[in-house]
>>> print(open('target-v4.cif').read())   # mmCIF, C-alpha atoms
data_model
loop_
_atom_site.label_atom_id
_atom_site.label_comp_id
_atom_site.auth_asym_id
_atom_site.auth_seq_id
_atom_site.Cartn_x
_atom_site.Cartn_y
_atom_site.Cartn_z
CA MET A 1 0.00 0.00 0.00
CA PRO A 2 1.49 3.37 -0.98
CA LEU A 3 2.52 5.72 1.82
CA GLN A 4 -0.09 8.26 0.78
CA SER A 5 -2.84 5.64 1.04
CA GLN A 6 -1.60 4.58 4.47
CA LEU A 7 -1.67 8.18 5.72
CA GLN A 8 -5.14 8.65 4.31
CA PHE A 9 -6.29 5.45 6.03
CA PHE A 10 -4.90 6.57 9.41
CA HIS A 11 -6.44 10.02 9.00
CA GLN A 12 -9.82 8.48 8.33
CA LEU A 13 -9.40 6.10 11.28
CA ALA A 14 -8.44 8.95 13.61
CA ALA A 15 -11.37 11.03 12.37
CA SER A 16 -13.75 8.11 12.95
CA VAL A 17 -12.42 7.55 16.48
CA LEU A 18 -12.72 11.26 17.34
CA LEU A 19 -16.23 11.40 15.92
CA PHE A 20 -17.23 8.32 17.93
CA ALA A 21 -15.73 9.83 21.11
CA ALA A 22 -17.53 13.13 20.48
CA LYS A 23 -20.84 11.30 20.11
CA LEU A 24 -20.25 9.42 23.36
CA VAL A 25 -19.50 12.67 25.19
CA PHE A 26 -22.60 14.30 23.67
CA TYR A 27 -24.93 11.48 24.72
CA TYR A 28 -23.26 11.38 28.13
CA ALA A 29 -23.83 15.12 28.55
CA CYS A 30 -27.48 14.71 27.54
CA SER A 31 -28.08 12.87 30.82
CA ILE A 32 -27.19 15.98 32.85
CA PRO A 33 -30.68 17.59 32.75
CA PHE A 34 -32.27 14.37 34.01
CA ILE A 35 -29.78 13.81 36.83
CA ALA A 36 -30.22 17.45 37.86
CA ILE A 37 -33.91 16.69 38.47
CA LEU A 38 -32.90 14.03 41.01
CA SER A 39 -30.69 16.57 42.79
CA VAL A 40 -33.58 19.02 42.92
CA ARG A 41 -35.79 16.36 44.46
CA GLN A 42 -33.25 15.63 47.20
CA GLU A 43 -32.84 19.31 48.08
CA GLN A 44 -36.60 19.81 47.99
CA LYS A 45 -37.08 17.11 50.65
CA ILE A 46 -34.66 18.88 53.00
CA TRP A 47 -36.37 22.27 52.77
CA LYS A 48 -39.83 20.73 52.95
CA ARG A 49 -38.93 19.17 56.28
CA VAL A 50 -37.47 22.46 57.49
CA ALA A 51 -40.78 24.17 56.71
CA ALA A 52 -42.75 21.45 58.50
CA VAL A 53 -40.62 21.75 61.64
CA ASN A 54 -40.91 25.53 61.56
CA GLU A 55 -44.69 25.43 61.26
CA GLU A 56 -44.93 22.93 64.10
CA ALA A 57 -42.70 25.02 66.37
CA GLU A 58 -44.50 28.26 65.50
CA SER A 59 -47.87 26.64 66.15
CA GLU A 60 -46.64 25.40 69.52
CA ALA A 61 -45.33 28.87 70.34
CA LYS A 62 -48.67 30.51 69.56
CA LYS A 63 -50.51 27.86 71.57
CA ASN A 64 -48.36 28.72 74.61
CA ASN A 65 -48.75 32.48 74.01
CA ASN A 66 -45.06 32.79 73.30
CA VAL A 67 -43.53 35.06 70.70
CA VAL A 68 -41.19 33.92 67.95
CA ASP A 69 -37.86 35.70 68.19
CA ALA A 70 -37.54 37.10 64.66
CA ASP A 71 -33.85 37.78 65.15
CA ASP A 72 -33.15 34.05 65.04
CA ASN A 73 -34.68 33.63 61.56
CA CYS A 74 -36.01 30.27 62.67
CA PHE A 75 -39.56 30.37 61.42
CA ILE A 76 -39.04 32.10 58.08
CA ALA A 77 -37.60 29.19 56.10
CA GLY A 78 -40.18 27.52 53.93
CA PRO A 79 -40.30 24.87 51.23
CA LEU A 80 -38.67 25.61 47.91
CA THR A 81 -40.77 27.94 45.77
CA MET A 82 -40.83 27.71 41.98
CA ILE A 83 -37.95 30.21 41.96
CA GLY A 84 -36.05 28.03 44.43
CA ILE A 85 -36.66 24.84 42.45
CA LEU A 86 -35.54 26.53 39.25
CA LYS A 87 -32.36 27.83 40.93
CA VAL A 88 -31.47 24.40 42.34
CA TYR A 89 -31.94 22.92 38.86
CA ILE A 90 -29.81 25.62 37.19
CA PHE A 91 -27.19 25.25 39.93
CA ASN A 92 -26.80 21.53 39.20
CA ILE A 93 -26.83 22.03 35.43
CA PHE A 94 -24.08 24.66 35.68
CA TRP A 95 -21.99 22.56 38.07
CA MET A 96 -22.16 19.33 36.08
CA THR A 97 -21.68 21.03 32.71
CA GLY A 98 -18.77 23.13 33.95
CA SER A 99 -17.15 20.10 35.55
CA LEU A 100 -17.52 18.09 32.35
CA LEU A 101 -15.91 20.86 30.31
CA GLY A 102 -13.14 21.12 32.90
CA THR A 103 -12.55 17.37 32.72
CA LEU A 104 -12.33 17.45 28.92
CA SER A 105 -9.87 20.35 29.04
CA LEU A 106 -7.60 18.38 31.39
CA LEU A 107 -7.61 15.15 29.37
CA PRO A 108 -4.71 16.11 27.02
CA MET A 109 -2.54 17.03 30.04
CA TRP A 110 -3.61 13.87 31.86
CA ILE A 111 -2.69 11.64 28.89
CA SER A 112 0.61 13.44 28.25
CA ARG A 113 1.62 12.88 31.89
CA GLY A 114 0.88 9.18 31.75
CA CYS A 115 -2.62 9.25 33.27
CA GLY A 116 -3.01 8.17 36.92
CA PRO A 117 -3.12 10.92 39.58
CA SER A 118 -1.01 13.28 37.47
CA VAL A 119 -3.48 16.19 37.34
CA GLU A 120 -4.91 16.10 40.86
CA LEU A 121 -3.67 19.59 41.72
CA GLU A 122 -5.04 21.21 38.55
CA ALA A 123 -8.35 19.35 38.81
CA ASN A 124 -8.98 20.12 42.49
CA ALA A 125 -7.37 23.51 43.11
CA VAL A 126 -8.21 25.03 39.72
CA MET A 127 -11.04 23.38 37.78
CA GLU A 128 -13.20 22.26 40.71
CA LYS A 129 -12.70 25.55 42.50
CA LEU A 130 -13.54 27.67 39.45
CA CYS A 131 -16.62 25.60 38.68
CA ALA A 132 -17.93 25.56 42.27
CA MET A 133 -17.29 29.24 42.98
CA GLY A 134 -18.53 30.37 39.56
CA THR A 135 -21.75 28.37 39.85
CA HIS A 136 -22.33 29.54 43.41
CA MET A 137 -21.75 33.21 42.56
CA CYS A 138 -24.07 33.06 39.54
CA VAL A 139 -26.98 31.33 41.26
CA VAL A 140 -26.76 32.02 45.00
CA GLY A 141 -24.33 34.87 45.61
CA ASN A 142 -21.17 35.44 47.58
CA VAL A 143 -19.94 33.66 50.70
CA GLU A 144 -18.69 35.46 53.79
CA VAL A 145 -15.81 33.70 55.54
CA LYS A 146 -15.16 34.72 59.14
CA ASN A 147 -11.82 34.08 60.87
CA ARG A 148 -10.06 33.02 57.69
CA GLU A 149 -6.75 33.75 59.41
CA LEU A 150 -7.30 30.67 61.62
CA LEU A 151 -6.97 28.31 58.65
CA PRO A 152 -3.71 26.33 58.80
CA LYS A 153 -1.34 26.93 55.90
CA ILE A 154 -1.49 24.31 53.15
CA ASN A 155 1.20 23.38 50.66
CA LEU A 156 -0.61 23.33 47.31
CA HIS A 157 2.12 21.26 45.70
CA SER A 158 2.05 18.35 48.12
CA ASN A 159 2.79 15.17 46.18
CA VAL A 160 0.42 12.27 46.75
CA ASN A 161 1.69 10.20 43.82
CA ALA A 162 4.71 8.61 45.43
CA ASN A 163 4.79 6.06 48.22
CA ALA A 164 3.81 7.00 51.76
CA THR A 165 7.37 6.94 53.09
CA SER A 166 8.74 9.49 50.64
CA THR A 167 5.72 11.78 50.91
CA SER A 168 5.36 11.90 54.68
CA THR A 169 5.77 15.43 55.96
CA SER A 170 7.01 16.56 59.36
CA THR A 171 3.59 18.09 60.01
CA PRO A 172 0.56 16.13 58.80
CA ALA A 173 -2.17 18.04 56.99
CA PRO A 174 -5.20 19.18 59.00
CA VAL A 175 -8.65 17.61 59.08
CA PHE A 176 -11.58 19.97 58.41
CA ILE A 177 -15.09 19.20 59.66
CA ALA A 178 -18.37 21.08 59.16
CA ASN A 179 -22.11 20.74 59.61
CA HIS A 180 -24.03 19.59 56.53
CA CYS A 181 -27.49 20.95 55.74
CA SER A 182 -27.67 21.52 51.97
CA GLN A 183 -25.86 20.79 48.73
CA LEU A 184 -24.74 24.42 48.97
CA ASP A 185 -22.29 23.31 51.67
CA VAL A 186 -20.19 21.58 49.02
CA SER A 187 -19.74 24.63 46.78
CA THR A 188 -19.31 26.83 49.86
CA MET A 189 -16.20 24.94 51.00
CA TYR A 190 -14.36 25.94 47.81
CA PHE A 191 -14.54 29.56 49.02
CA VAL A 192 -12.71 28.48 52.17
CA LEU A 193 -10.18 25.78 51.32
CA ARG A 194 -7.51 25.79 48.61
CA ARG A 195 -6.91 22.07 48.27
CA PHE A 196 -8.47 19.06 49.98
CA LYS A 197 -10.03 15.64 49.49
CA TRP A 198 -13.62 14.58 50.08
CA ILE A 199 -15.02 11.16 50.87
CA ALA A 200 -17.96 10.20 48.64
CA LYS A 201 -20.05 7.18 47.76
CA GLN A 202 -18.82 5.08 44.85
CA SER A 203 -21.93 5.99 42.83
CA VAL A 204 -20.93 9.69 42.83
CA ARG A 205 -18.08 9.01 40.40
CA TYR A 206 -20.66 8.21 37.69
CA ILE A 207 -22.41 11.60 37.89
CA PRO A 208 -21.68 13.37 34.58
CA GLY A 209 -19.10 16.10 35.00
CA ALA A 210 -19.02 16.26 38.78
CA GLY A 211 -17.99 12.63 39.15
CA ASN A 212 -15.42 12.87 36.36
CA ILE A 213 -13.61 15.86 37.85
CA MET A 214 -13.69 14.22 41.29
CA VAL A 215 -11.91 11.17 39.87
CA LEU A 216 -9.19 13.38 38.33
CA SER A 217 -8.91 15.28 41.64
CA GLY A 218 -8.21 12.07 43.52
CA HIS A 219 -11.10 12.28 45.96
CA ILE A 220 -11.76 9.15 47.99
CA PHE A 221 -14.65 6.90 47.04
CA ILE A 222 -16.06 4.33 49.43
CA LYS A 223 -15.43 0.98 47.79
CA ARG A 224 -17.95 -1.77 48.40
CA ASP A 225 -16.46 -5.24 48.80
CA ARG A 226 -18.20 -7.52 46.25
CA ASP A 227 -16.81 -10.78 47.63
CA ARG A 228 -19.90 -12.92 48.20
CA SER A 229 -17.99 -15.32 50.43
CA LYS A 230 -17.71 -12.58 53.09
CA SER A 231 -20.41 -11.58 55.53
CA SER A 232 -21.88 -8.07 55.45
CA GLU A 233 -19.84 -7.14 58.55
CA GLN A 234 -16.61 -8.32 56.90
CA LYS A 235 -17.41 -6.35 53.75
CA LYS A 236 -18.13 -3.22 55.80
CA SER A 237 -14.91 -3.65 57.75
CA THR A 238 -12.91 -3.95 54.51
CA SER A 239 -14.50 -0.78 53.07
CA ILE A 240 -13.85 1.22 56.24
CA SER A 241 -10.26 -0.02 56.43
CA ASP A 242 -9.63 1.06 52.84
CA LEU A 243 -11.21 4.46 53.53
CA TYR A 244 -8.94 5.07 56.54
CA GLU A 245 -5.87 3.91 54.62
CA GLN A 246 -6.50 6.39 51.78
CA SER A 247 -7.36 9.20 54.19
CA ASN A 248 -4.20 8.63 56.24
CA HIS A 249 -2.10 8.56 53.08
CA ALA A 250 -3.54 11.91 51.97
CA ILE A 251 -2.96 13.49 55.41
CA GLN A 252 0.64 12.25 55.59
CA SER A 253 1.21 13.53 52.05
CA GLY A 254 0.20 17.04 53.10
CA ILE A 255 -3.29 17.10 51.57
CA PRO A 256 -6.11 17.96 54.04
CA MET A 257 -9.24 15.86 54.41
CA MET A 258 -12.69 17.44 54.54
CA PHE A 259 -15.49 15.63 56.40
CA PHE A 260 -19.17 16.23 57.10
CA PRO A 261 -19.29 14.09 60.27
CA GLN A 262 -23.12 14.11 60.36
CA GLY A 263 -22.97 11.68 57.46
CA THR A 264 -26.04 13.13 55.74
CA ARG A 265 -27.66 16.48 54.95
CA ASN A 266 -29.94 17.66 57.74
CA MET A 267 -30.84 21.16 58.92
CA VAL A 268 -33.35 20.54 61.69
CA ASP A 269 -31.85 17.64 63.64
CA LYS A 270 -28.63 17.82 65.61
CA LEU A 271 -27.33 14.44 64.53
CA PRO A 272 -24.48 12.81 66.46
CA PHE A 273 -21.12 13.00 64.71
CA LYS A 274 -19.64 9.82 63.28
CA ASP A 275 -16.17 8.64 64.25
CA GLY A 276 -14.38 8.75 60.87
CA ALA A 277 -12.97 12.30 60.83
CA PHE A 278 -11.87 12.11 64.47
CA LYS A 279 -10.17 8.74 64.06
CA VAL A 280 -8.21 10.07 61.07
CA ALA A 281 -7.18 13.19 62.98
CA ILE A 282 -6.12 11.27 66.12
CA ASP A 283 -4.29 8.52 64.21
CA ASN A 284 -2.23 11.15 62.34
CA GLU A 285 -2.00 13.60 65.28
CA SER A 286 -3.39 16.27 62.98
CA LEU A 287 -5.03 19.57 63.72
CA ILE A 288 -8.81 19.31 63.48
CA VAL A 289 -10.54 22.50 62.36
CA PRO A 290 -14.28 22.92 63.14
CA ILE A 291 -16.20 25.00 60.59
CA SER A 292 -19.78 26.30 60.90
CA ILE A 293 -21.83 26.81 57.74
CA TYR A 294 -24.92 29.00 58.01
CA VAL A 295 -27.26 28.72 55.03
CA PRO A 296 -29.91 31.49 55.26
CA PRO A 297 -33.60 30.58 54.98
CA ASN A 298 -33.98 32.27 51.59
CA ALA A 299 -30.75 30.99 50.05
CA TRP A 300 -32.64 29.33 47.21
CA ASN A 301 -35.92 31.25 47.24
CA SER A 302 -34.43 34.74 46.87
CA TRP A 303 -34.65 36.54 43.53
CA TYR A 304 -30.86 36.83 43.26
CA PRO A 305 -29.41 37.70 40.75
CA LEU A 306 -32.51 39.27 39.19
CA ASN A 307 -32.79 41.80 41.99
CA LYS A 308 -29.52 43.31 40.75
CA ALA A 309 -30.75 44.01 37.23
CA VAL A 310 -34.53 44.52 37.18
CA ASN A 311 -37.24 46.12 39.26
CA VAL A 312 -38.15 42.94 41.08
CA ASN A 313 -40.21 44.83 43.66
CA GLY A 314 -42.52 46.06 40.92
CA ILE A 315 -42.98 42.51 39.64
CA ARG A 316 -43.56 41.17 43.15
CA ARG A 317 -46.10 43.91 43.97
CA PHE A 318 -47.95 43.10 40.75
CA LEU A 319 -48.04 39.42 41.71
CA GLY A 320 -49.02 40.19 45.30
CA MET A 321 -45.77 38.81 46.70
CA ARG A 322 -43.43 40.06 49.41
CA GLU A 323 -41.00 42.81 48.48
CA ILE A 324 -37.24 42.84 48.50
CA HIS A 325 -35.25 45.39 50.50
CA ASN A 326 -31.53 46.01 50.02
CA GLY A 327 -31.21 42.81 48.03
CA ASN A 328 -32.89 40.69 50.69
CA VAL A 329 -36.37 39.21 50.84
CA ARG A 330 -38.54 41.01 53.33
CA ALA A 331 -40.57 38.79 55.58
CA ASP A 332 -43.96 39.67 56.98
CA ASP A 333 -43.91 42.69 59.22
CA ASP A 334 -44.14 40.70 62.44
CA ASP A 335 -42.82 43.43 64.69
CA GLY A 336 -45.28 46.01 63.39
CA ASP A 337 -42.68 48.67 62.64
CA GLY A 338 -43.71 48.87 58.99
CA ASP A 339 -40.32 48.09 57.48
CA GLY A 340 -40.46 44.30 57.34
CA ASP A 341 -37.93 41.93 58.84
CA GLU A 342 -34.87 41.55 56.70
CA ILE A 343 -33.17 38.21 56.16
CA GLY A 344 -29.63 38.01 54.83
CA ASN A 345 -29.08 36.11 51.63
CA LYS A 346 -25.38 35.52 52.17
CA ILE A 347 -24.03 32.17 53.30
CA VAL A 348 -21.73 32.68 56.28
CA VAL A 349 -18.84 30.36 57.11
CA THR A 350 -17.16 30.63 60.50
CA VAL A 351 -13.72 29.06 60.94
CA HIS A 352 -12.98 28.10 64.54
CA GLU A 353 -9.71 27.70 66.41
CA PRO A 354 -7.88 24.51 65.30
CA ILE A 355 -7.71 21.75 67.93
CA ARG A 356 -4.48 19.83 68.40
CA THR A 357 -4.84 16.05 68.65
CA THR A 358 -2.50 13.31 69.84
CA LYS A 359 -2.68 9.53 70.02
CA ASN A 360 -4.03 9.92 73.56
CA THR A 361 -6.89 12.28 72.66
CA ASP A 362 -10.27 10.95 73.78
CA ARG A 363 -12.36 10.52 70.64
CA LYS A 364 -15.73 10.86 72.35
CA GLU A 365 -14.77 14.08 74.13
CA LEU A 366 -13.30 15.47 70.91
CA LYS A 367 -16.52 14.75 69.00
CA GLU A 368 -18.66 16.46 71.64
CA LYS A 369 -16.34 19.44 71.83
CA CYS A 370 -16.28 19.94 68.06
CA GLN A 371 -20.05 19.59 67.79
CA ASP A 372 -20.59 22.19 70.53
CA ILE A 373 -18.17 24.57 68.82
CA ILE A 374 -19.77 24.19 65.38
CA TYR A 375 -23.33 24.72 66.63
CA SER A 376 -22.36 27.57 68.98
CA VAL A 377 -22.69 30.16 66.19
CA LEU A 378 -25.66 28.61 64.36
CA PRO A 379 -29.30 29.62 65.00
CA PRO A 380 -31.52 27.32 67.11
CA LEU A 381 -33.10 25.81 64.00
CA TYR A 382 -29.86 23.89 63.42
CA HIS A 383 -30.01 22.55 66.99
CA GLY A 384 -33.21 20.67 66.29
CA HIS A 385 -35.61 23.20 67.83
CA GLY A 386 -36.99 26.65 67.27
CA HIS A 387 -36.25 29.48 69.69
CA VAL A 388 -39.13 31.29 71.33
CA HIS A 389 -39.26 33.57 74.30
CA ASP A 390 -41.92 34.11 76.91
CA GLY A 391 -44.49 36.75 76.02
CA SER A 392 -43.97 38.37 79.41
CA LYS A 393 -40.54 39.49 78.25
CA MET A 394 -41.92 41.62 75.44
CA ASP A 395 -41.43 45.32 75.70
CA GLN A 396 -44.52 47.52 75.88
CA SER A 397 -44.32 48.72 72.26
CA THR A 398 -44.41 45.15 70.95
CA LYS A 399 -47.40 44.34 73.16
CA ASP A 400 -49.20 47.44 71.86
CA GLN A 401 -48.54 46.43 68.25
CA GLN A 402 -49.93 42.94 68.85
CA GLN A 403 -52.99 44.40 70.59
CA LYS A 404 -53.68 46.58 67.52
CA LYS A 405 -53.49 43.53 65.24
CA SER A 406 -55.90 41.57 67.42
CA ASP A 407 -58.34 44.51 67.42
#
>>> encode(input="target-v4.cif", output="structure tokens")
Amino acid sequence: MPLQSQLQFFHQLAASVLLFAAKLVFYYACSIPFIAILSVRQEQKIWKRVAAVNEEAESEAKKNNNVVDADDNCFIAGPLTMIGILKVYIFNIFWMTGSLLGTLSLLPMWISRGCGPSVELEANAVMEKLCAMGTHMCVVGNVEVKNRELLPKINLHSNVNANATSTSTSTPAPVFIANHCSQLDVSTMYFVLRRFKWIAKQSVRYIPGAGNIMVLSGHIFIKRDRDRSKSSEQKKSTSISDLYEQSNHAIQSGIPMMFFPQGTRNMVDKLPFKDGAFKVAIDNESLIVPISIYVPPNAWNSWYPLNKAVNVNGIRRFLGMREIHNGNVRADDDDGDGDGDEIGNKIVVTVHEPIRTTKNTDRKELKEKCQDIIYSVLPPLYHGHGHVHDGSKMDQSTKDQQQKKSD
């Protein structure tokens, strides 16, 4: 076969392979809108339960002639409105699409470096961060980080590719823990931390875009033991052992671990913390850094970013809805002062003082201490109850306003 014919054959073959790969990516990306619906459903369940708890607590307060303390913003959160549902859907579409594009952009570098964990830094500290922060800013808004100076310094270029002996550092990386109430917690952490590893279920790696970039970033997936000859307890023990081994390797390599010790998303129940994060911290004698994440009641239901560009108040008045003041949704005028009760739309993250651990640290005491610290700056809703105060403590002006309403 002449050389020219051979070149033409290889060109056609390469073109066919690229076309086939492009079609696979296209069909793969087409699943994003459907998977986003599942994410919306999960978030909707959380906020629906928040609303139910709020209504129950408010009803109990009224029955006992108590007054809801509006400053705590406990009874304002409601189920997702149509605006909220749409924003959750857009949020997931943006995140998965951006992550997929980021993954595709890293593939040439990944192949040229011999595959494996060669692009973990770029995937985690650049692509994931850009995608998470960009999506969050577009759909929800900014994040306020308090006490950022308390964050331990992290070496971005820690090498996790070599063996554990050569990568061990004199000071192990810290362990970060935070409360978990919404999928917004995940994007929020990228405003706080520069580089870290999550622990996620094995099924997460198959989520279009988000799962792909997590694989390139080297996050830890819980592996299920498929050996049918083992009992369920043996399989669980093997999975946990593998999880700890990978977490310890990351910590000793200088890469922090990020845990949500509740184990699941929940805003209205103060769930006990699981052992995993604390075992990793104690085994490696790492600093453990408690972080509190406050997600405001109208995080999803606010009209952001429309309230920055159009006269949303005019639209809301026309539709008979509540107005917006200074970029925030105004609740009902419960205090009778005529100006409405403002609710902030900004997610607030509070970094607490790092806690030093040693091999002798009591795990149970450490868990209780960290939980108390995390919840110390969160409103009572996060503690599993609403906050009310006795009506006898009202000042005279408030009593007069309530008397006018009853008349």
>>> closest_residue(input="target-v4.cif", among="A:Pro152, A:Pro261, A:Pro172, A:Gly254", to="Glu353 (chain A)", atoms="all atoms listed in the file")
A:Pro152
>>> closest_residue(input="target-v4.cif", among="A:Arg356, A:Lys223, A:His249, A:Arg265", to="Ile288 (chain A)", atoms="all atoms listed in the file")
A:Arg356
>>> atom_distance(input="target-v4.cif", atom1="CA of Phe10 (chain A)", atom2="CA of Leu104 (chain A)")
23.5 Å
>>> resolve_selection(input="target-v4.cif", expression="the PyMOL selection byres ((chain A and resi 375) around 10)", output="PyMOL selection string")
chain A and resi 178-179+270+290-294+370-374+376-380+382-383
>>> residues_around(input="target-v4.cif", residues="Asn266 (chain A)", least_positions_apart="6", cutoff="7 Å", atoms="all atoms listed in the file", output="short mmCIF file (atom, residue, chain, number, x, y, z; two decimals) with C-alpha atoms, in the coordinates of the input")
data_model
loop_
_atom_site.label_atom_id
_atom_site.label_comp_id
_atom_site.auth_asym_id
_atom_site.auth_seq_id
_atom_site.Cartn_x
_atom_site.Cartn_y
_atom_site.Cartn_z
CA ILE A 46 -34.66 18.88 53.00
CA HIS A 180 -24.03 19.59 56.53
CA CYS A 181 -27.49 20.95 55.74
#
>>> residues_near_point(input="target-v4.cif", point="(-10.9, 7.8, 50.0)", cutoff="9 Å", atoms="all atoms listed in the file", output="number ranges by chain")
A: 197-200, 218-223, 242-247, 250
>>> atom_distance(input="target-v4.cif", atom1="CA of Asn142 (chain A)", atom2="CA of Ala277 (chain A)")
27.9 Å
